[in-house]
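Peer 1: model-v2.cif is reproduced below (mmCIF, C-alpha atoms).
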data_my_file
loop_
_atom_site.label_atom_id
_atom_site.label_comp_id
_atom_site.auth_asym_id
_atom_site.auth_seq_id
_atom_site.Cartn_x
_atom_site.Cartn_y
_atom_site.Cartn_z
CA MET A 1 -4.75 -14.85 20.21
CA LYS A 2 -4.24 -12.84 17.06
CA ILE A 3 -1.75 -13.31 14.20
CA LEU A 4 -1.51 -10.84 11.34
CA ILE A 5 0.81 -10.51 8.35
CA SER A 6 0.61 -6.89 7.20
CA LYS A 7 1.52 -5.79 3.68
CA THR A 8 1.30 -2.14 4.71
CA PHE A 9 2.63 0.12 7.48
CA PHE A 10 1.07 -0.40 10.90
CA ASP A 11 1.36 1.52 14.15
CA PRO A 12 2.33 -1.07 16.80
CA TRP A 13 1.09 1.03 19.73
CA GLN A 14 -2.29 1.66 18.19
CA ALA A 15 -2.53 -2.03 17.27
CA VAL A 16 -1.80 -3.11 20.86
CA GLU A 17 -4.33 -0.64 22.24
CA ALA A 18 -7.02 -1.68 19.72
CA TYR A 19 -6.49 -5.39 20.37
CA GLN A 20 -6.52 -4.87 24.13
CA GLU A 21 -9.89 -3.15 23.85
CA SER A 22 -11.30 -5.87 21.58
CA MET A 23 -10.13 -8.94 23.52
CA GLY A 24 -12.75 -8.52 26.22
CA LYS A 25 -10.59 -9.25 29.27
CA SER A 26 -11.02 -6.00 31.11
CA GLY A 27 -10.02 -6.27 34.78
CA GLN A 28 -8.14 -9.57 34.32
CA TYR A 29 -4.70 -8.47 33.14
CA GLY A 30 -2.19 -6.90 35.47
CA GLY A 31 0.80 -7.03 33.13
CA THR A 32 1.36 -6.40 29.42
CA ALA A 33 4.76 -7.03 27.80
CA VAL A 34 5.33 -5.54 24.35
CA PHE A 35 8.25 -6.05 21.98
CA VAL A 36 8.52 -3.87 18.88
CA GLY A 37 11.13 -4.61 16.22
CA THR A 38 12.03 -1.58 14.09
CA MET A 39 14.09 -1.35 10.91
CA ARG A 40 17.60 0.07 11.36
CA ASP A 41 19.40 2.14 8.74
CA PHE A 42 22.62 0.14 9.21
CA ASN A 43 23.61 -3.52 9.27
CA GLU A 44 27.08 -5.03 9.63
CA GLY A 45 28.73 -1.64 8.98
CA GLU A 46 26.77 -0.67 5.84
CA ASP A 47 24.01 1.89 5.33
CA VAL A 48 20.67 0.29 4.50
CA LYS A 49 18.24 2.30 2.34
CA ASP A 50 15.25 -0.01 2.45
CA MET A 51 14.35 -3.64 2.86
CA GLU A 52 12.09 -6.22 1.21
CA LEU A 53 10.52 -8.80 3.49
CA GLU A 54 9.33 -12.03 1.92
CA HIS A 55 7.36 -14.81 3.62
CA TYR A 56 5.87 -18.22 2.88
CA PRO A 57 2.11 -17.59 2.93
CA GLY A 58 0.37 -20.31 4.92
CA MET A 59 3.44 -21.73 6.63
CA THR A 60 4.29 -18.43 8.31
CA GLU A 61 0.82 -18.04 9.84
CA LYS A 62 0.83 -21.72 10.86
CA TYR A 63 4.10 -21.32 12.77
CA LEU A 64 3.05 -18.11 14.45
CA GLU A 65 -0.15 -19.80 15.61
CA GLU A 66 1.81 -22.81 16.78
CA ILE A 67 4.24 -20.78 18.92
CA SER A 68 1.34 -18.72 20.29
CA ARG A 69 -0.36 -21.93 21.40
CA GLN A 70 2.93 -23.17 22.92
CA ALA A 71 3.19 -19.92 24.90
CA GLU A 72 -0.36 -20.45 26.20
CA ASP A 73 0.60 -23.97 27.30
CA LYS A 74 3.84 -22.90 29.00
CA TRP A 75 2.71 -19.77 30.86
CA PRO A 76 -0.54 -18.56 32.45
CA ILE A 77 -1.14 -15.83 29.88
CA LEU A 78 -4.48 -14.29 29.00
CA ASP A 79 -3.90 -13.33 25.38
CA SER A 80 -1.24 -12.57 22.77
CA LEU A 81 -0.84 -10.54 19.60
CA ILE A 82 1.73 -10.87 16.79
CA ILE A 83 1.82 -8.56 13.76
CA HIS A 84 4.65 -8.83 11.22
CA ARG A 85 5.24 -6.70 8.15
CA VAL A 86 6.02 -8.02 4.67
CA GLY A 87 6.84 -6.14 1.46
CA LYS A 88 8.97 -3.00 1.19
CA ILE A 89 10.00 -1.43 4.51
CA LEU A 90 11.85 1.81 5.23
CA PRO A 91 14.18 2.66 8.16
CA ASP A 92 12.32 3.55 11.39
CA GLU A 93 9.25 1.59 10.29
CA PRO A 94 8.06 -1.22 12.57
CA ILE A 95 8.76 -4.77 11.39
CA VAL A 96 7.11 -6.73 14.17
CA VAL A 97 5.11 -6.31 17.35
CA VAL A 98 4.62 -9.04 19.94
CA ALA A 99 2.34 -8.30 22.91
CA VAL A 100 1.37 -10.61 25.77
CA TRP A 101 -1.18 -10.02 28.53
CA SER A 102 -1.15 -11.85 31.86
CA ALA A 103 -2.35 -11.41 35.45
CA HIS A 104 1.22 -10.98 36.72
CA ARG A 105 4.30 -9.61 34.95
CA ALA A 106 6.58 -12.67 34.91
CA ALA A 107 4.41 -14.71 32.53
CA ALA A 108 3.98 -11.75 30.16
CA PHE A 109 7.74 -11.02 30.05
CA ASP A 110 8.74 -14.67 29.60
CA ALA A 111 6.10 -15.47 26.97
CA CYS A 112 6.90 -12.28 25.02
CA GLN A 113 10.61 -13.18 24.88
CA PHE A 114 9.77 -16.78 23.91
CA LEU A 115 7.50 -15.60 21.07
CA ILE A 116 9.98 -13.19 19.49
CA ASP A 117 12.86 -15.68 19.85
CA GLU A 118 10.82 -18.50 18.31
CA LEU A 119 9.52 -16.21 15.55
CA LYS A 120 13.08 -15.28 14.61
CA SER A 121 14.32 -18.85 14.57
CA LYS A 122 11.33 -20.64 12.98
CA ALA A 123 8.83 -18.47 11.11
CA PRO A 124 9.62 -18.40 7.37
CA PHE A 125 10.41 -14.72 6.70
CA TRP A 126 13.42 -13.47 4.71
CA LYS A 127 14.95 -9.98 4.56
CA LYS A 128 16.61 -8.48 1.51
CA GLU A 129 18.39 -5.19 2.14
CA THR A 130 19.04 -2.43 -0.37
CA LEU A 131 22.54 -1.06 0.32
CA GLU A 132 24.65 1.60 -1.41
CA SER A 133 26.47 -1.26 -3.12
CA GLY A 134 23.31 -3.07 -4.29
CA SER A 135 20.82 -5.45 -2.74
CA LYS A 136 21.68 -8.38 -0.52
CA TRP A 137 19.76 -11.15 1.27
CA VAL A 138 20.34 -11.12 5.01
CA GLU A 139 21.96 -14.45 5.85
CA HIS A 140 22.13 -14.42 9.63
CA ASN A 141 19.55 -13.33 12.13
CA THR A 142 21.03 -11.25 14.94
CA MET B 1 -2.41 -35.09 -9.09
CA ALA B 2 1.21 -33.99 -8.73
CA ILE B 3 3.71 -32.58 -6.26
CA GLN B 4 3.94 -28.79 -6.11
CA VAL B 5 7.46 -27.52 -5.37
CA LYS B 6 8.07 -23.98 -4.10
CA TYR B 7 11.25 -21.91 -3.63
CA PHE B 8 11.74 -18.77 -1.59
CA ALA B 9 14.13 -15.84 -1.12
CA SER B 10 17.74 -16.27 -2.29
CA LEU B 11 17.07 -19.83 -3.43
CA LYS B 12 14.23 -18.63 -5.68
CA GLU B 13 16.55 -16.03 -7.24
CA ARG B 14 19.34 -18.53 -7.66
CA LEU B 15 17.06 -20.98 -9.48
CA GLY B 16 15.35 -18.22 -11.47
CA ARG B 17 11.81 -19.44 -10.67
CA ASP B 18 9.49 -19.74 -7.69
CA ALA B 19 7.85 -23.10 -8.38
CA ASP B 20 7.94 -26.41 -10.21
CA GLU B 21 5.56 -29.32 -10.58
CA VAL B 22 6.63 -32.94 -10.33
CA SER B 23 4.29 -35.47 -11.93
CA ALA B 24 2.67 -38.25 -9.94
CA GLU B 25 4.27 -40.76 -12.31
CA ALA B 26 7.71 -39.89 -10.91
CA ILE B 27 6.52 -41.35 -7.60
CA SER B 28 4.64 -44.32 -8.97
CA ASN B 29 7.58 -45.38 -11.15
CA GLY B 30 9.97 -45.10 -8.19
CA LYS B 31 12.10 -42.17 -9.42
CA ILE B 32 11.14 -40.12 -6.38
CA SER B 33 10.54 -41.11 -2.78
CA THR B 34 12.07 -38.33 -0.65
CA VAL B 35 12.37 -34.53 -0.52
CA GLU B 36 16.00 -34.87 -1.55
CA ASP B 37 14.96 -36.87 -4.66
CA ILE B 38 12.65 -33.96 -5.61
CA TRP B 39 15.54 -31.50 -5.29
CA ASN B 40 17.79 -33.67 -7.45
CA MET B 41 15.11 -33.97 -10.12
CA VAL B 42 14.13 -30.30 -10.34
CA VAL B 43 17.52 -28.57 -10.10
CA ASN B 44 19.31 -30.65 -12.68
CA GLY B 45 22.34 -31.81 -10.74
CA GLU B 46 23.12 -28.77 -8.61
CA SER B 47 23.76 -29.85 -5.02
CA MET B 48 21.51 -28.48 -2.27
CA PRO B 49 23.14 -25.41 -0.64
CA VAL B 50 24.31 -25.98 2.95
CA ASN B 51 21.63 -24.86 5.45
CA THR B 52 18.76 -25.23 2.99
CA LEU B 53 15.52 -25.83 4.89
CA CYS B 54 12.83 -28.18 3.60
CA ALA B 55 9.11 -28.39 4.27
CA ILE B 56 6.27 -30.72 3.32
CA ASN B 57 2.73 -29.32 3.58
CA LEU B 58 3.94 -26.31 5.63
CA GLU B 59 5.89 -28.41 8.19
CA TYR B 60 9.67 -28.51 8.49
CA VAL B 61 11.14 -31.89 7.49
CA LYS B 62 14.59 -33.37 6.88
CA PRO B 63 15.74 -34.02 3.31
CA ASP B 64 15.20 -37.76 3.74
CA ALA B 65 11.49 -37.33 4.55
CA ALA B 66 9.11 -39.31 2.32
CA VAL B 67 6.87 -37.49 -0.16
CA LYS B 68 3.56 -38.58 -1.64
CA ASP B 69 1.30 -37.49 -4.44
CA GLY B 70 -0.49 -34.21 -3.68
CA ASP B 71 2.18 -32.89 -1.32
CA GLU B 72 3.47 -29.32 -1.38
CA VAL B 73 7.25 -29.36 -0.96
CA ALA B 74 9.27 -26.20 -0.28
CA PHE B 75 12.96 -25.32 -0.21
CA PHE B 76 14.31 -22.13 1.33
CA PRO B 77 17.35 -20.56 3.07
CA PRO B 78 17.60 -19.97 6.85
CA VAL B 79 14.87 -17.62 8.05
CA THR B 80 15.63 -13.99 8.98
CA GLY B 81 12.38 -12.44 10.21
CA GLY B 82 11.67 -10.36 13.28
#
Please render this file's structure as structure tokens.
Peer 2:
Amino acid sequence: MKILISKTFFDPWQAVEAYQESMGKSGQYGGTAVFVGTMRDFNEGEDVKDMELEHYPGMTEKYLEEISRQAEDKWPILDSLIIHRVGKILPDEPIVVVAVWSAHRAAAFDACQFLIDELKSKAPFWKKETLESGSKWVEHNT
Amino acid sequence: MAIQVKYFASLKERLGRDADEVSAEAISNGKISTVEDIWNMVVNGESMPVNTLCAINLEYVKPDAAVKDGDEVAFFPPVTGG
């Protein structure tokens, strides 16, 4: 299990590949499910220029670890990875990657969906968008 | 000791600061016993915005949760990560 809050740009595909090589479970996994969340340049009909992502250091990591442990309890998964950006983000940049490895695909798919859904509803992150008309805190998660 | 109080995101901007400290005496003299009491003491009468989330020591709690000396209490708006 790995949790990382990144203050700088990361390449989600390279991160998944690097973690897969480092986790030492060669030959065990038959399925890997990966979700990548990327910043859009529009939201609710307005152009978005950039975005500031704030988090609650300590509590965020604690919740991500907690949901990762819950996923391990609920499904027969081999390992999981969550990386989430904070700070200033530009359109097309990755915000989050969630990857889950399991022997068979169903557990990987289900655990991956659980992790991103729980992250969005519980982990203390907040987005502030810079629009043409000024900056605005995002109030609802879609 | 004391209680450390933290604010995040839109709530931090609205209050114009990211933290406060509440003295241990406020607990021992009975002025404060819950998270909601902390809010009422630090914001000077402004009611808590609807949907405000509260935490004690990095765990979500309800506003009526009891606080003790040394706790870290946080207030923030609904989360929007991912």
Peer 1: Using all atoms listed in the file, which chain B residues lie at most 6 Å away from chain A, written as an mmCIF file with C-alpha atoms, in the frame of the given file?
Peer 2:
data_model
loop_
_atom_site.group_PDB
_atom_site.id
_atom_site.type_symbol
_atom_site.label_atom_id
_atom_site.label_comp_id
_atom_site.auth_asym_id
_atom_site.auth_seq_id
_atom_site.Cartn_x
_atom_site.Cartn_y
_atom_site.Cartn_z
ATOM 1 C CA LEU B 58 3.940 -26.310 5.630
ATOM 2 C CA VAL B 79 14.870 -17.620 8.050
ATOM 3 C CA THR B 80 15.630 -13.990 8.980
ATOM 4 C CA GLY B 81 12.380 -12.440 10.210
ATOM 5 C CA GLY B 82 11.670 -10.360 13.280
#
Peer 1: In Å, rounded to a single decimal, give me how far atom CA of B:Ala74 is from atom CA of B:Thr52.
Peer 2: 10.1 Å
Peer 1: Quick one: which residues end up in the PyMOL selection byres ((chain A and resi 74-76) around 7) for this structure, as a ChimeraX atom specification?
Peer 2: /A:70-73,77-78,102,107,111
Peer 1: Using atom CA of A:Ala103 and atom CA of A:Ile82 as the two end points, give the distance in Å to one decimal.
Peer 2: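 These atoms are spaced 19.1 Å apart.
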Peer 1: Do you have the atom CA of B:Arg17-atom CA of B:Pro63 distance handy?
Peer 2: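 Answer for the atom CA of B:Arg17 to atom CA of B:Pro63 separation: 20.6 Å.
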Peer 1: Every residue with an atom at most 12 Å from (-6.5, -15.5, 16.8) (file coordinates; only C-alpha atoms) is what I'm after, so could you write them as a ChimeraX atom specification?
Peer 2: /A:1-4,19,22-23,61-62,64-66,68-69,79-83
Peer 1: Which residues, named as in the file, does the PyMOL selection byres ((chain B and resi 65-72) around 10) pick out? Answer as a VMD selection string.
Peer 2: chain B and resid 1 to 6 21 to 28 32 to 38 54 to 64 73 to 74
Peer 1: Expand the PyMOL selection byres ((chain B and resi 10) around 8) into the explicit residue set it covers here, and present it as a PyMOL selection string.
Peer 2: (chain A and resi 137) or (chain B and resi 8-9+11-14+76-77)
